[in-house]
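Undergrad: Take this structure first; my questions come after.
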Amino acid sequence: MTTDGHGAAATGRGGAPIRLVCLDVDGTLVGHSGDVAPAVWEAAARARAAGIRLAVCSGRPGFGVTRALAARIEPDGWHCFQNGASVLHLGSARSRSSVLPDEAVALLVERARRTGRALELYADGHYVTESELPLARRHAELLGLEFAPRPFASLGAPVVRAQWLLADAEVEAALAEPHPGLEVSPSIAPTVPGAVFVNLTRAGVDKGSAVRAIAEAYGVGLDAVMYVGDGYNDTPALRLVGWPVVMANAEAVARPFARTVVGHVDAAGAAEALALAVDSHRPRASGPAAA
């Protein structure tokens, strides 16, 4: 169900073939089954064969099942994790990370202990939570990690991201609280209904800043970048690129930024987006004969 409000061929706003495709994970690559559809893997292989670079751009951390997914999407390339806080190159282990201010971390820890809400603190390669709530356990399962609550101080590495795990009823109050020095970006996952994940990164750090960094690393202009997403935390990147794509299941807040709408995540809509990117590299007929 691909639609293009501009009625144009699959090229960026400047007419450039698409050279980089950045893909959100939850609600874009991964639907209610918890797996990536075979059609998406096949489309990704065709895109790589066409010379298009692919990058996962997720709120999830760059370890556990998400790292394995990224390695299958593009094994020797740049990927965005932690909502832009971690920009990692899987082939060389290079990283571009943005550390949270110490005072912001202290505020979050105090608030979590006072309210009893589930808070997670993340480094590039691991995370910690003190919460034993069922939602914290479910999230560890989603990440493919052992659930082992322990003191926040045991993280032992710079904190690049924090995250609230909230039930729907908690979201309004949590978002109304001040988060000085931080970007606040809520998101949802189809595999965890009734939960909201509130990503907290350093001010100015989001998926948009990560996409810009990845494009610069590859020497690709933003007009030749496609971004595929479905949620609020995708909007900074959707606003930035030449070809913004949203899924049929996208949140209402993301839809106004889309140039193209593809199918539902459970119907492998991301495969449609990748096919558009490949199509942008095919020669176009021109002149009177094409009229």
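Ligands are numbered from 1 in the order shown, residues from 1 within each chain, and chains are lettered A, B, ... in the order they appear in the structure tokens.
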Looking only at strand (DSSP E or B) from DSSP on the backbone, list the matching residues of region 142-243 of chain A as a list of chain:residue names.
TA: A:Arg161, A:Ala162, A:Gln163, A:Trp164, A:Leu165, A:Leu166, A:Ala167, A:Leu182, A:Glu183, A:Val184, A:Ser185, A:Pro186, A:Ser187, A:Ala195, A:Val196, A:Phe197, A:Val198, A:Asn199, A:Leu200, A:Thr201, A:Arg202, A:Val225, A:Met226, A:Tyr227, A:Val228, A:Gly229, A:Trp243
Undergrad: Just the helix (DSSP H, G or I) stuff from region 68-134 of chain A, please, per backbone DSSP, written as a ChimeraX atom specification.
TA: /A:68-73,82-84,102-115,134
Undergrad: Go ahead and dump the residues you just picked, C-alpha atoms, as a CSV table (one decimal), in the first residue's frame.
TA:
```
chain,number,residue,atom,x,y,z
A,68,ALA,CA,22.5,-9.3,16.2
A,69,LEU,CA,19.7,-7.8,14.2
A,70,ALA,CA,21.8,-4.9,13.2
A,71,ALA,CA,24.7,-7.2,12.2
A,72,ARG,CA,22.4,-9.0,9.9
A,73,ILE,CA,21.0,-5.8,8.4
A,82,GLN,CA,19.9,4.2,22.4
A,83,ASN,CA,17.8,6.8,20.5
A,84,GLY,CA,20.9,8.4,19.1
A,102,ASP,CA,26.0,13.5,36.2
A,103,GLU,CA,23.5,15.8,37.8
A,104,ALA,CA,20.8,14.5,35.5
A,105,VAL,CA,21.6,10.9,36.3
A,106,ALA,CA,21.4,11.7,40.1
A,107,LEU,CA,18.0,13.4,39.7
A,108,LEU,CA,16.6,10.4,37.8
A,109,VAL,CA,17.9,7.9,40.3
A,110,GLU,CA,16.4,9.9,43.2
A,111,ARG,CA,13.1,10.2,41.4
A,112,ALA,CA,13.0,6.4,40.6
A,113,ARG,CA,13.7,5.4,44.2
A,114,ARG,CA,11.1,7.9,45.5
A,115,THR,CA,8.3,7.0,43.1
A,134,PRO,CA,7.2,-7.2,35.9
```
Undergrad: Restricting the calculation to only C-alpha atoms: of A:Gly59, A:Ala153, A:Pro283, A:Val65, which residue gets closest to Ser185 (chain A)?
TA: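 So, comparing all the options, the nearest one is A:Gly59.
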Undergrad: Skip Gly31 (chain A) itself and residues of its chain fewer than 4 positions away, then list as a ChimeraX atom specification all residues within 6 Å of it, counting only C-alpha atoms.
TA: /A:27,190,265-266
Undergrad: For those residues, write N, CA and C atoms to a file as a PDB file, in the first residue's frame.
TA:
```
ATOM      1  N   GLY A  27       8.009  -1.694  15.596  1.00  0.00           N
ATOM      2  CA  GLY A  27       6.942  -1.104  14.809  1.00  0.00           C
ATOM      3  C   GLY A  27       7.316  -0.874  13.364  1.00  0.00           C
ATOM      4  N   PRO A 190       5.262  -2.943  19.820  1.00  0.00           N
ATOM      5  CA  PRO A 190       4.105  -3.817  19.630  1.00  0.00           C
ATOM      6  C   PRO A 190       4.122  -5.060  20.508  1.00  0.00           C
ATOM      7  N   VAL A 265       3.617  -3.005   9.710  1.00  0.00           N
ATOM      8  CA  VAL A 265       4.795  -3.781  10.082  1.00  0.00           C
ATOM      9  C   VAL A 265       4.522  -5.276  10.006  1.00  0.00           C
ATOM     10  N   ASP A 266       3.317  -5.710  10.371  1.00  0.00           N
ATOM     11  CA  ASP A 266       3.008  -7.139  10.343  1.00  0.00           C
ATOM     12  C   ASP A 266       2.796  -7.661   8.928  1.00  0.00           C
TER      13      ASP A 266
END
```
Undergrad: Determine the nearest neighbour of Asp234 (chain A) from the options A:Gly204, A:Gly194, A:Pro186, A:Gly51, counting only C-alpha atoms.
TA: A:Pro186
Undergrad: I'd like the contact shell of region 242-247 of chain A - 7 Å cut-off, only C-alpha atoms, skipping same-chain residues fewer than 6 positions apart - returned as a ChimeraX atom specification.
TA: /A:12-13,28,222-230,255,257-265,269
Undergrad: One number please: CA of His32 (chain A) to CA of Thr191 (chain A), in Å, one decimal.
TA: 5.2 Å
Undergrad: Select, from A:Val128, A:Val160, A:Ala45, A:Leu100, the residue with the minimum atom-to-atom distance to Phe147 (chain A), counting only C-alpha atoms.
TA: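 Comparing A:Val128, A:Val160, A:Ala45, A:Leu100 against Phe147 (chain A), the winner is A:Val128.
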Undergrad: Using only C-alpha atoms, find the one residue out of A:Pro61, A:Pro75, A:Gly34, A:Gly116 that sits nearest to Glu170 (chain A).
TA: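 Closest residue, counting only C-alpha atoms: A:Gly116.
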Undergrad: I want to know what sits within 8 Å of His89 (chain A), based on only C-alpha atoms, with residues of the same chain fewer than 4 positions away left out; could you give that as a PyMOL selection string?
TA: chain A and resi 76-79+93-95
Undergrad: Which residues are close to Ala252 (chain A), i.e. within 10 Å by only C-alpha atoms, leaving aside same-chain residues fewer than 2 positions away? Reply as number ranges by chain.
TA: A: 230-232, 249-250, 254-256
Undergrad: So that I can check the surroundings of Ala267 (chain A), please list as a PyMOL selection string every protein, DNA and RNA residue that reaches within 10 Å of it, counting only C-alpha atoms and ignoring chain neighbours fewer than 5 positions away.
TA: chain A and resi 31+37+39-40+248+262+272
Undergrad: Export, as a PDB file, in the first residue's frame, the selected residues with N, CA and C atoms.
TA:
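Saved as selection05.pdb:
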```pdb
ATOM      1  N   GLY A  31       7.390  -6.535  14.399  1.00  0.00           N
ATOM      2  CA  GLY A  31       5.983  -6.349  14.712  1.00  0.00           C
ATOM      3  C   GLY A  31       5.550  -7.191  15.888  1.00  0.00           C
ATOM      4  N   ALA A  37      10.097 -10.094   9.353  1.00  0.00           N
ATOM      5  CA  ALA A  37       9.504 -10.931   8.306  1.00  0.00           C
ATOM      6  C   ALA A  37      10.552 -11.339   7.278  1.00  0.00           C
ATOM      7  N   ALA A  39      10.371 -11.479   4.149  1.00  0.00           N
ATOM      8  CA  ALA A  39      10.371 -10.574   3.000  1.00  0.00           C
ATOM      9  C   ALA A  39      11.251  -9.359   3.244  1.00  0.00           C
ATOM     10  N   VAL A  40      11.362  -8.937   4.498  1.00  0.00           N
ATOM     11  CA  VAL A  40      12.211  -7.780   4.821  1.00  0.00           C
ATOM     12  C   VAL A  40      13.677  -8.153   4.686  1.00  0.00           C
ATOM     13  N   ALA A 248       2.215   1.955   7.908  1.00  0.00           N
ATOM     14  CA  ALA A 248       0.766   2.095   8.009  1.00  0.00           C
ATOM     15  C   ALA A 248       0.303   2.104   9.461  1.00  0.00           C
ATOM     16  N   VAL A 262       4.018   3.201   3.733  1.00  0.00           N
ATOM     17  CA  VAL A 262       4.087   1.814   3.272  1.00  0.00           C
ATOM     18  C   VAL A 262       3.215   0.945   4.163  1.00  0.00           C
ATOM     19  N   GLU A 272       8.620  -2.884   1.411  1.00  0.00           N
ATOM     20  CA  GLU A 272       8.181  -1.942   0.383  1.00  0.00           C
ATOM     21  C   GLU A 272       9.103  -0.736   0.332  1.00  0.00           C
TER      22      GLU A 272
END
```
Undergrad: Looking at only C-alpha atoms, which of A:Ala173, A:Ala275, A:Val87, A:Ala203 is the one that sits closest to Ala217 (chain A)?
TA: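 When distances to Ala217 (chain A) are compared using only C-alpha atoms, the smallest one comes from A:Val87.
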Undergrad: Quick one, how far is CA of Arg60 (chain A) from CA of Asp124 (chain A)?
TA: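 Computing the Euclidean distance for CA of Arg60 (chain A) and CA of Asp124 (chain A) yields 11.0 Å.
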Undergrad: To one decimal place, how far is CA of His126 (chain A) from CA of Gly156 (chain A) in Å?
TA: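 Answer for the CA of His126 (chain A) to CA of Gly156 (chain A) separation: 9.7 Å.
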Undergrad: Between A:Ala140, A:Ala50, A:Ala271, A:Leu240, which has the minimum distance to Ile18 (chain A) (counting only C-alpha atoms)?
TA: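 Residue with the minimum atom-to-atom distance to Ile18 (chain A): A:Ala50.
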